[in-house]
Each structure stands twice: as structure tokens, then as C-alpha cells.
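K.L.:
Let me begin by handing over the structure; questions about it come next.
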Amino acid sequence: MYFAALLARTEDGWEASDTELDDVETLSDLADLAREASPDEDTVLVLIEQEDGWFGVVRVDGEEDPRVYVSDAAAAARSSYGEILLTDELLGREPGDDGPDLDALDLDGTEDGEPDDEDADDGAASAGSTDAVPHGPVGDAQVLEDLGVSEKELRSMTEDAVTEIAEALGASEVLETVR
């Protein structure tokens, strides 16, 4: 089960809104959605959580590039919402380096001369090369540092990270209204 919310910082405090990510295909789309939530170019946080799996924080400050933190890249790579956050840049890959060379594959999906492994995980093949995705956190762990959540605190969050982040920001009440 997923939960996604926008927290926009205003002069009156934080405002929360739940958000639908079905039409979001890229990190740029997500950043545009966040910018729409704050016409004054204030800080907007997009908090995404997959129950017992992973969480992500995207921070958009005006027209600056979004800053991203993902608690477990390998778990997020198996999620359509996680794939939005796991850009080549975040994973330290060259753009377009997202899997095996399709020209080197036989029609059955194996590389030339490679045995056909019936036990292969089809999910990994369909999501690109998950071997290149590290287990554990990736991104800017200092994304919330100036808002009162240290890198150490962010890295230690697991189960209910979105709620913990909202509490640290003083935004737990507004977040609960959209949960």
C-alpha cells in the first residue's frame, strides 16, 4: 500500500494535500506537480511511502532542481512510484544505461551463449537492470537538515517515516487530515 502527500511550507506553516501519482511519469513531472502546490515558490516536500518497504522524500525549492532521498533503492526499483525517483543521476549511472544491451539478446531474452535460466526473476528483467541498483539509501540524506531532520535521523527512519518526518517538521496534524 502506498501513501503520497505534498507538504507545502507557507508563511502560516505547513499545508498538506494528498496527491495522485498515476499521471506522473518522471521526476520532472513530480517536481512540476510540487511547484503547482506552492505558487509563491516556497519549499514543497513530496513524501512517498510504501508500507514496510521504502520511503522517498523529494524537495522542491522554487525553480531549483529537486533534491531526492530514497530509503532503499532496491525496494523502490520494484515499484512504479519508486522508479520515478530513481533517476540515472541519483543512481550514478550514465543516462540511458538502464539495463542489458537489447541487441545482444537472443529472441528468448538470454544473451548469446548464455543458458536459458527458467528460474530467473521476470520482475527484475522487466524493471531494467536491478543489479545496478544498490540496496539501501540513495540520494541527498541532508535534504531535510535545515528543516530539523538530520541526516542521521533520516537514515534511521524505517516503518512510519512519513509520520516521523511530519512530526519533526511540526506538520503531523495537517498530514493526518489527508491520510
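Residues in the C-alpha cells are numbered from 1 in each chain, the chains being A, B, ... in the order shown, and ligands are numbered from 1 in the order shown.
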Write out as a PyMOL selection string which residues come within 6 Å of A:Gln50 when counting only C-alpha atoms, dropping same-chain ones fewer than 2 positions away.

P.N.:
chain A and resi 1-2+53-54

K.L.:
Write a file of the just-selected residues containing N, CA and C atoms, as an mmCIF file, in the first residue's frame.

P.N.:
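See out-v4.cif below for the written result:
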```cif
data_model
loop_
_atom_site.group_PDB
_atom_site.id
_atom_site.type_symbol
_atom_site.label_atom_id
_atom_site.label_comp_id
_atom_site.auth_asym_id
_atom_site.auth_seq_id
_atom_site.Cartn_x
_atom_site.Cartn_y
_atom_site.Cartn_z
ATOM 1 N N MET A 1 0.836 -1.173 0.000
ATOM 2 C CA MET A 1 0.000 0.000 0.000
ATOM 3 C C MET A 1 0.889 1.247 0.000
ATOM 4 N N TYR A 2 0.519 2.196 -0.830
ATOM 5 C CA TYR A 2 1.279 3.429 -0.964
ATOM 6 C C TYR A 2 0.542 4.600 -0.348
ATOM 7 N N GLY A 53 8.196 -1.103 3.145
ATOM 8 C CA GLY A 53 9.134 -1.303 2.050
ATOM 9 C C GLY A 53 10.192 -0.226 1.951
ATOM 10 N N TRP A 54 9.766 0.967 1.664
ATOM 11 C CA TRP A 54 10.689 2.071 1.451
ATOM 12 C C TRP A 54 9.926 3.385 1.542
#
```

K.L.:
For A:Gly139, please output as a list in words all residues within 9 Å (counting only C-alpha atoms; exclusion window: fewer than 4 positions along the same chain).

P.N.:
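Final neighbour list, sorted by chain and number: Arg67, Val68, Tyr69, Val70, Ser71, Leu86, Leu90, Leu91 and Val143 of chain A.
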
K.L.:
Produce a file of the selected residues containing all heavy atoms, as a compact mmCIF listing (two decimals), in the first residue's frame.

P.N.:
```txt
# COMPACT_ATOMS: atom_id res chain seq x y z
N ARG A 67 15.60 17.87 -5.01
CA ARG A 67 16.52 17.07 -4.22
C ARG A 67 15.77 15.82 -3.77
O ARG A 67 14.63 15.92 -3.32
CB ARG A 67 17.03 17.87 -3.03
CG ARG A 67 17.84 19.09 -3.45
CD ARG A 67 18.12 20.04 -2.32
NE ARG A 67 18.82 19.40 -1.22
CZ ARG A 67 18.94 19.96 -0.01
NH1 ARG A 67 18.43 21.15 0.25
NH2 ARG A 67 19.58 19.33 0.95
N VAL A 68 16.41 14.67 -3.88
CA VAL A 68 15.72 13.39 -3.65
C VAL A 68 16.50 12.53 -2.67
O VAL A 68 17.72 12.45 -2.71
CB VAL A 68 15.58 12.62 -4.99
CG1 VAL A 68 14.88 11.28 -4.77
CG2 VAL A 68 14.84 13.44 -6.02
N TYR A 69 15.74 11.87 -1.80
CA TYR A 69 16.29 10.84 -0.91
C TYR A 69 15.36 9.65 -0.97
O TYR A 69 14.13 9.79 -0.88
CB TYR A 69 16.38 11.35 0.53
CG TYR A 69 16.82 10.27 1.50
CD1 TYR A 69 18.17 9.93 1.62
CD2 TYR A 69 15.89 9.57 2.26
CE1 TYR A 69 18.58 8.93 2.49
CE2 TYR A 69 16.30 8.57 3.13
CZ TYR A 69 17.63 8.25 3.25
OH TYR A 69 18.03 7.25 4.10
N VAL A 70 15.92 8.45 -1.13
CA VAL A 70 15.16 7.20 -1.14
C VAL A 70 15.79 6.26 -0.12
O VAL A 70 17.00 6.04 -0.14
CB VAL A 70 15.16 6.55 -2.55
CG1 VAL A 70 14.45 5.21 -2.53
CG2 VAL A 70 14.52 7.49 -3.57
N SER A 71 14.97 5.73 0.78
CA SER A 71 15.49 4.92 1.89
C SER A 71 16.06 3.57 1.46
O SER A 71 16.98 3.07 2.09
CB SER A 71 14.40 4.69 2.93
OG SER A 71 13.37 3.88 2.38
N LEU A 86 14.11 7.18 -8.95
CA LEU A 86 15.43 6.60 -9.18
C LEU A 86 15.96 6.98 -10.56
O LEU A 86 16.01 6.16 -11.47
CB LEU A 86 15.38 5.08 -9.00
CG LEU A 86 15.01 4.61 -7.61
CD1 LEU A 86 14.87 3.09 -7.57
CD2 LEU A 86 16.02 5.08 -6.59
N LEU A 90 20.69 10.02 -9.86
CA LEU A 90 20.62 9.59 -8.46
C LEU A 90 21.38 8.29 -8.24
O LEU A 90 22.02 8.09 -7.21
CB LEU A 90 19.17 9.44 -8.02
CG LEU A 90 18.93 9.21 -6.54
CD1 LEU A 90 19.23 10.48 -5.75
CD2 LEU A 90 17.51 8.77 -6.28
N LEU A 91 21.33 7.40 -9.23
CA LEU A 91 21.98 6.09 -9.11
C LEU A 91 23.43 6.12 -9.59
O LEU A 91 24.10 5.09 -9.56
CB LEU A 91 21.19 5.05 -9.89
CG LEU A 91 19.79 4.77 -9.36
CD1 LEU A 91 19.03 3.85 -10.30
CD2 LEU A 91 19.83 4.21 -7.96
N VAL A 143 18.61 16.37 2.83
CA VAL A 143 17.50 17.07 2.19
C VAL A 143 16.62 17.83 3.18
O VAL A 143 16.02 18.85 2.85
CB VAL A 143 16.69 16.10 1.31
CG1 VAL A 143 15.96 15.06 2.15
CG2 VAL A 143 15.72 16.83 0.40
```

K.L.:
List as JSON, numbers by chain the protein and nucleic acid residues near A:Val46, meaning an atom at most 9 Å away when only C-alpha atoms are counted, but skip any in the same chain fewer than 6 places from it.

P.N.:
{"A": [4, 5, 6, 7, 8, 19, 30, 31, 34, 56, 57, 58, 59, 60]}

K.L.:
Would you mind telling me which residue in A:Thr10, A:Val178, A:Val149, A:Thr87 lies nearest to A:Ala161 when using only C-alpha atoms?

P.N.:
A:Val149

K.L.:
May I ask which of the residues A:Leu147, A:Leu175, A:Ala74, A:Leu85 is the closest one to A:Thr26, counting only C-alpha atoms?

P.N.:
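Of all the options, A:Leu85 lies closest to A:Thr26.
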